[in-house]
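Data block for work.csv (CSV, C-alpha atoms):
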```csv
chain,number,residue,atom,x,y,z
A,1,MET,CA,40.4,-84.8,305.1
A,2,SER,CA,38.4,-81.7,304.2
A,3,LEU,CA,39.6,-79.4,301.3
A,4,THR,CA,40.4,-76.6,303.7
A,5,GLU,CA,42.8,-78.8,305.6
A,6,GLN,CA,44.9,-79.5,302.5
A,7,LYS,CA,47.5,-77.5,300.7
A,8,CYS,CA,47.8,-76.8,297.0
A,9,THR,CA,50.6,-79.1,295.7
A,10,PRO,CA,52.8,-78.1,292.9
A,11,CYS,CA,51.4,-79.2,289.6
A,12,GLN,CA,54.0,-79.5,286.9
A,13,GLY,CA,51.9,-80.4,283.9
A,14,GLY,CA,51.8,-83.7,282.3
A,15,VAL,CA,48.7,-84.5,284.4
A,16,GLU,CA,45.3,-84.8,282.8
A,17,PRO,CA,42.8,-82.2,283.8
A,18,MET,CA,40.0,-83.5,286.0
A,19,PRO,CA,37.1,-84.9,284.1
A,20,ARG,CA,33.7,-83.2,284.4
A,21,GLU,CA,32.2,-86.0,286.4
A,22,ARG,CA,34.9,-85.8,289.0
A,23,ALA,CA,34.7,-82.0,289.2
A,24,GLU,CA,30.9,-82.3,289.7
A,25,GLU,CA,31.5,-84.6,292.7
A,26,PHE,CA,33.5,-81.8,294.4
A,27,MET,CA,30.9,-79.1,293.9
A,28,ASP,CA,29.0,-79.6,297.1
A,29,GLN,CA,32.3,-78.8,299.0
A,30,VAL,CA,32.6,-75.3,297.4
A,31,PRO,CA,29.2,-73.7,297.8
A,32,GLY,CA,28.6,-70.7,295.6
A,33,TRP,CA,31.1,-71.7,292.9
A,34,GLU,CA,30.3,-72.8,289.5
A,35,LEU,CA,32.0,-74.7,286.7
A,36,THR,CA,32.6,-72.6,283.5
A,37,HIS,CA,34.4,-73.0,280.2
A,38,GLU,CA,33.3,-76.6,279.7
A,39,ALA,CA,34.0,-77.5,283.3
A,40,THR,CA,37.7,-76.5,283.0
A,41,ARG,CA,37.4,-73.5,285.3
A,42,LEU,CA,35.8,-72.6,288.6
A,43,GLN,CA,34.4,-69.2,289.4
A,44,ARG,CA,32.4,-67.4,292.1
A,45,ARG,CA,31.0,-63.9,292.4
A,46,PHE,CA,31.1,-62.3,295.9
A,47,LYS,CA,28.9,-59.3,296.9
A,48,PHE,CA,30.0,-56.5,299.1
A,49,LYS,CA,28.6,-53.2,300.4
A,50,ASN,CA,31.1,-51.0,298.7
A,51,PHE,CA,34.6,-50.8,297.0
A,52,ALA,CA,36.6,-50.9,300.3
A,53,GLN,CA,35.0,-54.2,301.4
A,54,ALA,CA,35.6,-55.8,298.1
A,55,ASN,CA,39.1,-54.6,298.1
A,56,ALA,CA,39.8,-55.9,301.6
A,57,PHE,CA,38.5,-59.3,300.6
A,58,VAL,CA,40.7,-59.3,297.4
A,59,ASP,CA,43.7,-58.5,299.6
A,60,ARG,CA,43.1,-61.6,301.6
A,61,VAL,CA,42.6,-63.7,298.5
A,62,GLY,CA,45.9,-62.4,297.2
A,63,GLU,CA,47.6,-63.5,300.4
A,64,LEU,CA,46.1,-66.9,300.1
A,65,ALA,CA,47.3,-67.1,296.5
A,66,GLU,CA,50.9,-66.5,297.6
A,67,ALA,CA,50.6,-68.9,300.6
A,68,GLU,CA,49.3,-71.6,298.3
A,69,ASP,CA,51.5,-70.6,295.3
A,70,HIS,CA,48.3,-71.0,293.2
A,71,HIS,CA,47.1,-67.8,291.5
A,72,PRO,CA,43.6,-67.0,290.5
A,73,ASP,CA,42.3,-64.2,288.2
A,74,ILE,CA,40.4,-61.7,290.2
A,75,THR,CA,38.1,-58.9,289.0
A,76,PHE,CA,36.6,-56.4,291.5
A,77,GLY,CA,35.1,-53.1,291.7
A,78,TYR,CA,32.3,-51.3,293.7
A,79,GLY,CA,30.4,-53.9,295.6
A,80,TYR,CA,31.7,-57.1,294.0
A,81,ALA,CA,34.6,-59.4,293.5
A,82,LEU,CA,34.8,-62.3,290.9
A,83,VAL,CA,37.3,-65.0,291.5
A,84,GLU,CA,38.3,-67.4,288.8
A,85,ILE,CA,40.6,-70.3,289.3
A,86,TRP,CA,42.0,-73.1,287.2
A,87,THR,CA,45.4,-74.8,286.6
A,88,HIS,CA,47.0,-73.2,283.6
A,89,LYS,CA,49.6,-75.9,283.2
A,90,ILE,CA,47.1,-78.6,282.5
A,91,GLY,CA,44.5,-76.4,280.8
A,92,GLY,CA,41.8,-77.4,283.3
A,93,LEU,CA,40.9,-78.3,286.9
A,94,HIS,CA,43.1,-80.0,289.5
A,95,GLU,CA,42.1,-80.8,293.1
A,96,ASN,CA,44.3,-77.8,294.0
A,97,ASP,CA,41.6,-75.5,292.4
A,98,PHE,CA,38.9,-76.9,294.7
A,99,ILE,CA,41.2,-76.5,297.7
A,100,PHE,CA,41.7,-72.9,296.7
A,101,ALA,CA,38.0,-72.3,296.2
A,102,ALA,CA,37.1,-73.8,299.6
A,103,LYS,CA,39.7,-71.6,301.3
A,104,THR,CA,38.4,-68.6,299.5
A,105,ASN,CA,35.0,-69.3,300.9
A,106,GLU,CA,36.5,-69.5,304.4
A,107,LEU,CA,37.9,-66.0,303.9
A,108,PHE,CA,34.6,-64.7,302.8
A,109,GLU,CA,32.8,-66.2,305.8
A,110,ALA,CA,35.4,-65.1,308.3
B,1,MET,CA,47.1,-27.6,285.5
B,2,SER,CA,48.1,-31.1,284.7
B,3,LEU,CA,45.6,-34.0,285.3
B,4,THR,CA,47.7,-35.4,288.2
B,5,GLU,CA,47.5,-32.1,290.0
B,6,GLN,CA,43.7,-32.2,290.1
B,7,LYS,CA,41.3,-34.2,292.2
B,8,CYS,CA,38.2,-36.2,291.1
B,9,THR,CA,35.2,-34.1,291.8
B,10,PRO,CA,31.8,-35.6,292.8
B,11,CYS,CA,29.7,-36.3,289.7
B,12,GLN,CA,26.0,-36.4,290.5
B,13,GLY,CA,24.7,-37.4,287.2
B,14,GLY,CA,22.6,-35.0,285.1
B,15,VAL,CA,25.8,-34.2,283.2
B,16,GLU,CA,26.4,-35.3,279.7
B,17,PRO,CA,29.2,-37.8,279.1
B,18,MET,CA,32.2,-36.4,277.3
B,19,PRO,CA,31.9,-36.6,273.5
B,20,ARG,CA,34.4,-38.8,271.7
B,21,GLU,CA,36.3,-35.8,270.2
B,22,ARG,CA,36.9,-34.3,273.6
B,23,ALA,CA,38.0,-37.6,275.0
B,24,GLU,CA,40.5,-38.0,272.1
B,25,GLU,CA,42.0,-34.7,273.0
B,26,PHE,CA,42.9,-36.0,276.5
B,27,MET,CA,44.5,-39.2,275.2
B,28,ASP,CA,48.0,-37.9,274.9
B,29,GLN,CA,47.9,-37.1,278.7
B,30,VAL,CA,47.2,-40.8,279.6
B,31,PRO,CA,49.8,-42.8,277.6
B,32,GLY,CA,49.0,-46.6,277.4
B,33,TRP,CA,45.3,-46.1,277.9
B,34,GLU,CA,42.7,-46.7,275.2
B,35,LEU,CA,39.1,-45.8,274.7
B,36,THR,CA,36.7,-48.7,274.7
B,37,HIS,CA,32.9,-49.3,274.5
B,38,GLU,CA,32.3,-46.6,271.9
B,39,ALA,CA,34.6,-44.2,273.7
B,40,THR,CA,32.6,-44.4,276.9
B,41,ARG,CA,35.3,-46.1,279.0
B,42,LEU,CA,39.1,-46.0,279.4
B,43,GLN,CA,41.2,-49.0,280.0
B,44,ARG,CA,44.9,-50.0,280.3
B,45,ARG,CA,46.7,-53.3,280.7
B,46,PHE,CA,49.8,-53.3,282.9
B,47,LYS,CA,52.4,-56.0,282.8
B,48,PHE,CA,54.3,-57.4,285.8
B,49,LYS,CA,56.8,-60.2,286.5
B,50,ASN,CA,54.5,-62.2,288.8
B,51,PHE,CA,51.3,-62.3,290.9
B,52,ALA,CA,52.8,-60.5,293.9
B,53,GLN,CA,53.9,-57.4,291.8
B,54,ALA,CA,50.5,-57.2,290.1
B,55,ASN,CA,48.8,-57.5,293.5
B,56,ALA,CA,51.0,-54.8,295.0
B,57,PHE,CA,50.1,-52.4,292.2
B,58,VAL,CA,46.4,-53.2,292.5
B,59,ASP,CA,46.6,-52.4,296.3
B,60,ARG,CA,47.9,-48.9,295.4
B,61,VAL,CA,45.2,-48.4,292.8
B,62,GLY,CA,42.7,-49.4,295.4
B,63,GLU,CA,44.1,-46.7,297.8
B,64,LEU,CA,43.9,-44.2,295.0
B,65,ALA,CA,40.3,-45.1,294.4
B,66,GLU,CA,39.3,-44.5,298.0
B,67,ALA,CA,41.3,-41.2,298.1
B,68,GLU,CA,39.6,-39.9,294.9
B,69,ASP,CA,36.2,-41.5,295.8
B,70,HIS,CA,36.2,-42.8,292.2
B,71,HIS,CA,36.2,-46.5,291.7
B,72,PRO,CA,37.6,-48.5,288.8
B,73,ASP,CA,37.0,-52.1,287.8
B,74,ILE,CA,40.2,-54.1,288.2
B,75,THR,CA,41.1,-57.5,286.9
B,76,PHE,CA,44.4,-59.0,287.8
B,77,GLY,CA,46.3,-62.3,288.0
B,78,TYR,CA,49.7,-63.7,287.4
B,79,GLY,CA,51.8,-61.0,285.7
B,80,TYR,CA,49.1,-58.5,284.7
B,81,ALA,CA,46.5,-56.0,285.9
B,82,LEU,CA,43.8,-54.5,283.7
B,83,VAL,CA,42.2,-51.2,285.0
B,84,GLU,CA,39.0,-50.0,283.5
B,85,ILE,CA,37.4,-46.6,284.5
B,86,TRP,CA,34.3,-44.7,283.6
B,87,THR,CA,31.6,-42.7,285.4
B,88,HIS,CA,28.7,-45.0,286.0
B,89,LYS,CA,26.3,-42.2,286.9
B,90,ILE,CA,26.6,-40.6,283.5
B,91,GLY,CA,27.2,-43.8,281.5
B,92,GLY,CA,30.4,-42.5,280.0
B,93,LEU,CA,33.5,-40.5,280.5
B,94,HIS,CA,34.1,-37.4,282.7
B,95,GLU,CA,37.3,-35.5,283.2
B,96,ASN,CA,37.5,-37.4,286.5
B,97,ASP,CA,38.3,-40.6,284.6
B,98,PHE,CA,41.3,-39.0,282.9
B,99,ILE,CA,42.5,-37.7,286.2
B,100,PHE,CA,42.2,-41.2,287.6
B,101,ALA,CA,44.0,-42.7,284.6
B,102,ALA,CA,46.9,-40.2,284.8
B,103,LYS,CA,47.3,-40.9,288.5
B,104,THR,CA,47.3,-44.6,287.9
B,105,ASN,CA,50.1,-44.2,285.4
B,106,GLU,CA,52.0,-42.3,288.1
B,107,LEU,CA,51.6,-45.3,290.5
B,108,PHE,CA,52.9,-47.6,287.8
B,109,GLU,CA,55.9,-45.5,287.1
B,110,ALA,CA,56.7,-44.9,290.7
```

For the file at hand, write its structure as structure tokens.
Amino acid sequence: MSLTEQKCTPCQGGVEPMPRERAEEFMDQVPGWELTHEATRLQRRFKFKNFAQANAFVDRVGELAEAEDHHPDITFGYGYALVEIWTHKIGGLHENDFIFAAKTNELFEA
Amino acid sequence: MSLTEQKCTPCQGGVEPMPRERAEEFMDQVPGWELTHEATRLQRRFKFKNFAQANAFVDRVGELAEAEDHHPDITFGYGYALVEIWTHKIGGLHENDFIFAAKTNELFEA
């Protein structure tokens, strides 16, 4: 099943963060994203023509966050948006983060 | 005339950024904001109960940005939003930035 067909599942902590090798295996399913902070976070920078387009994209990422109950940190301004995602409760990456990244890519491409 | 009664005016560059002493005179009109980057930028961090409330506030700041044609950089996530404003064309602060900051405070208090 592809990442975009899955839903983020509640993550209660007490789970180990994904090791780097496992995270790297997922990377070809989330083009444009990169691992940061010692492979404990995912981020992608998206380019836009102006503020309004960046803002409209961020609105949709915000809706996705509520639908998935998984909340990224988003920075945006004139012509760009930067989305950063990880699972705070485990201090690193969970498969949920890759699901969120893949769905964010779909929003960008839509 | 108070800052919130004014509109951001187009700033075409070729204007000197506001000196620190002048910026400091404006600070009591924008409670909660601080000068950063050697007094060339203004920023404020706003707290919220969750992601949805932060996102709703950011939506309104985005609308203000379009209305004023003056565009901040905004970072937000679960429970917070950080708004940073300065005038890129002059590499520092203009009265417009204080108008924007004062109006952002109004949105937060509304």

Looking at all atoms listed in the file, which of B:Leu82, B:Glu5, B:Glu95, B:Leu64 is the one that sits closest to Glu25 of chain B? B:Glu95

Residues of chain B within 9 Å of chain A, all atoms listed in the file counted, as a PyMOL selection string: chain B and resi 51-52+55+59+62-63+65-66+71-78+82

Hey, could you make a per-residue contact list for segment 59-91 of chain A against segment 9-20 of chain A with 12 Å as the cut-off, showing the nearest pair of atoms and its distance in Å to one decimal, counting only C-alpha atoms, sorted by chain and number, as a Markdown table?
```
| residue | atom | partner | partner_atom | distance |
| --- | --- | --- | --- | --- |
| A:Ala67 | CA | A:Thr9 | CA | 11.3 |
| A:Glu68 | CA | A:Thr9 | CA | 8.0 |
| A:Asp69 | CA | A:Pro10 | CA | 8.0 |
| A:His70 | CA | A:Pro10 | CA | 8.4 |
| A:His71 | CA | A:Pro10 | CA | 11.9 |
| A:Trp86 | CA | A:Pro17 | CA | 9.7 |
| A:Thr87 | CA | A:Cys11 | CA | 8.0 |
| A:His88 | CA | A:Gly13 | CA | 8.7 |
| A:Lys89 | CA | A:Gly13 | CA | 5.1 |
| A:Ile90 | CA | A:Gly13 | CA | 5.3 |
| A:Gly91 | CA | A:Pro17 | CA | 6.7 |
```

Exercise: Phe98 of chain B partners within 10 Å, only C-alpha atoms, chain neighbours under 6 positions left out, as a VMD selection string: chain B and resid 3 to 4 8 23 26 to 27 29 to 30 33 42 85 to 86 104

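The space separating atom CA of Glu109 of chain B from atom CA of Val61 of chain B comes to 12.5 Å.
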
Which value, in Å to one decimal, gives the distance between atom CA of Lys47 of chain B and atom CA of Gly79 of chain B?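 Going from atom CA of Lys47 of chain B over to atom CA of Gly79 of chain B covers 5.8 Å.
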
Interatomic distance (Å, one decimal) between atom CA of Gln6 of chain B and atom CA of His37 of chain B: 25.5 Å

Counting only C-alpha atoms, the residue among B:Met1, B:Glu34, B:Phe57, B:Arg22 that lies closest to His94 of chain B is B:Arg22

I need the residue nearest Phe108 of chain A from this list: A:Arg60, A:Lys7, A:Arg41, A:Lys49. Use all atoms listed in the file for the distance.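 Of all the options, A:Arg60 lies closest to Phe108 of chain A.
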
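When all atoms listed in the file are used to measure the gap to Gln43 of chain B, the shortest distance among B:Asp28, B:Ala101, B:Gly92, B:Glu21 belongs to B:Ala101.
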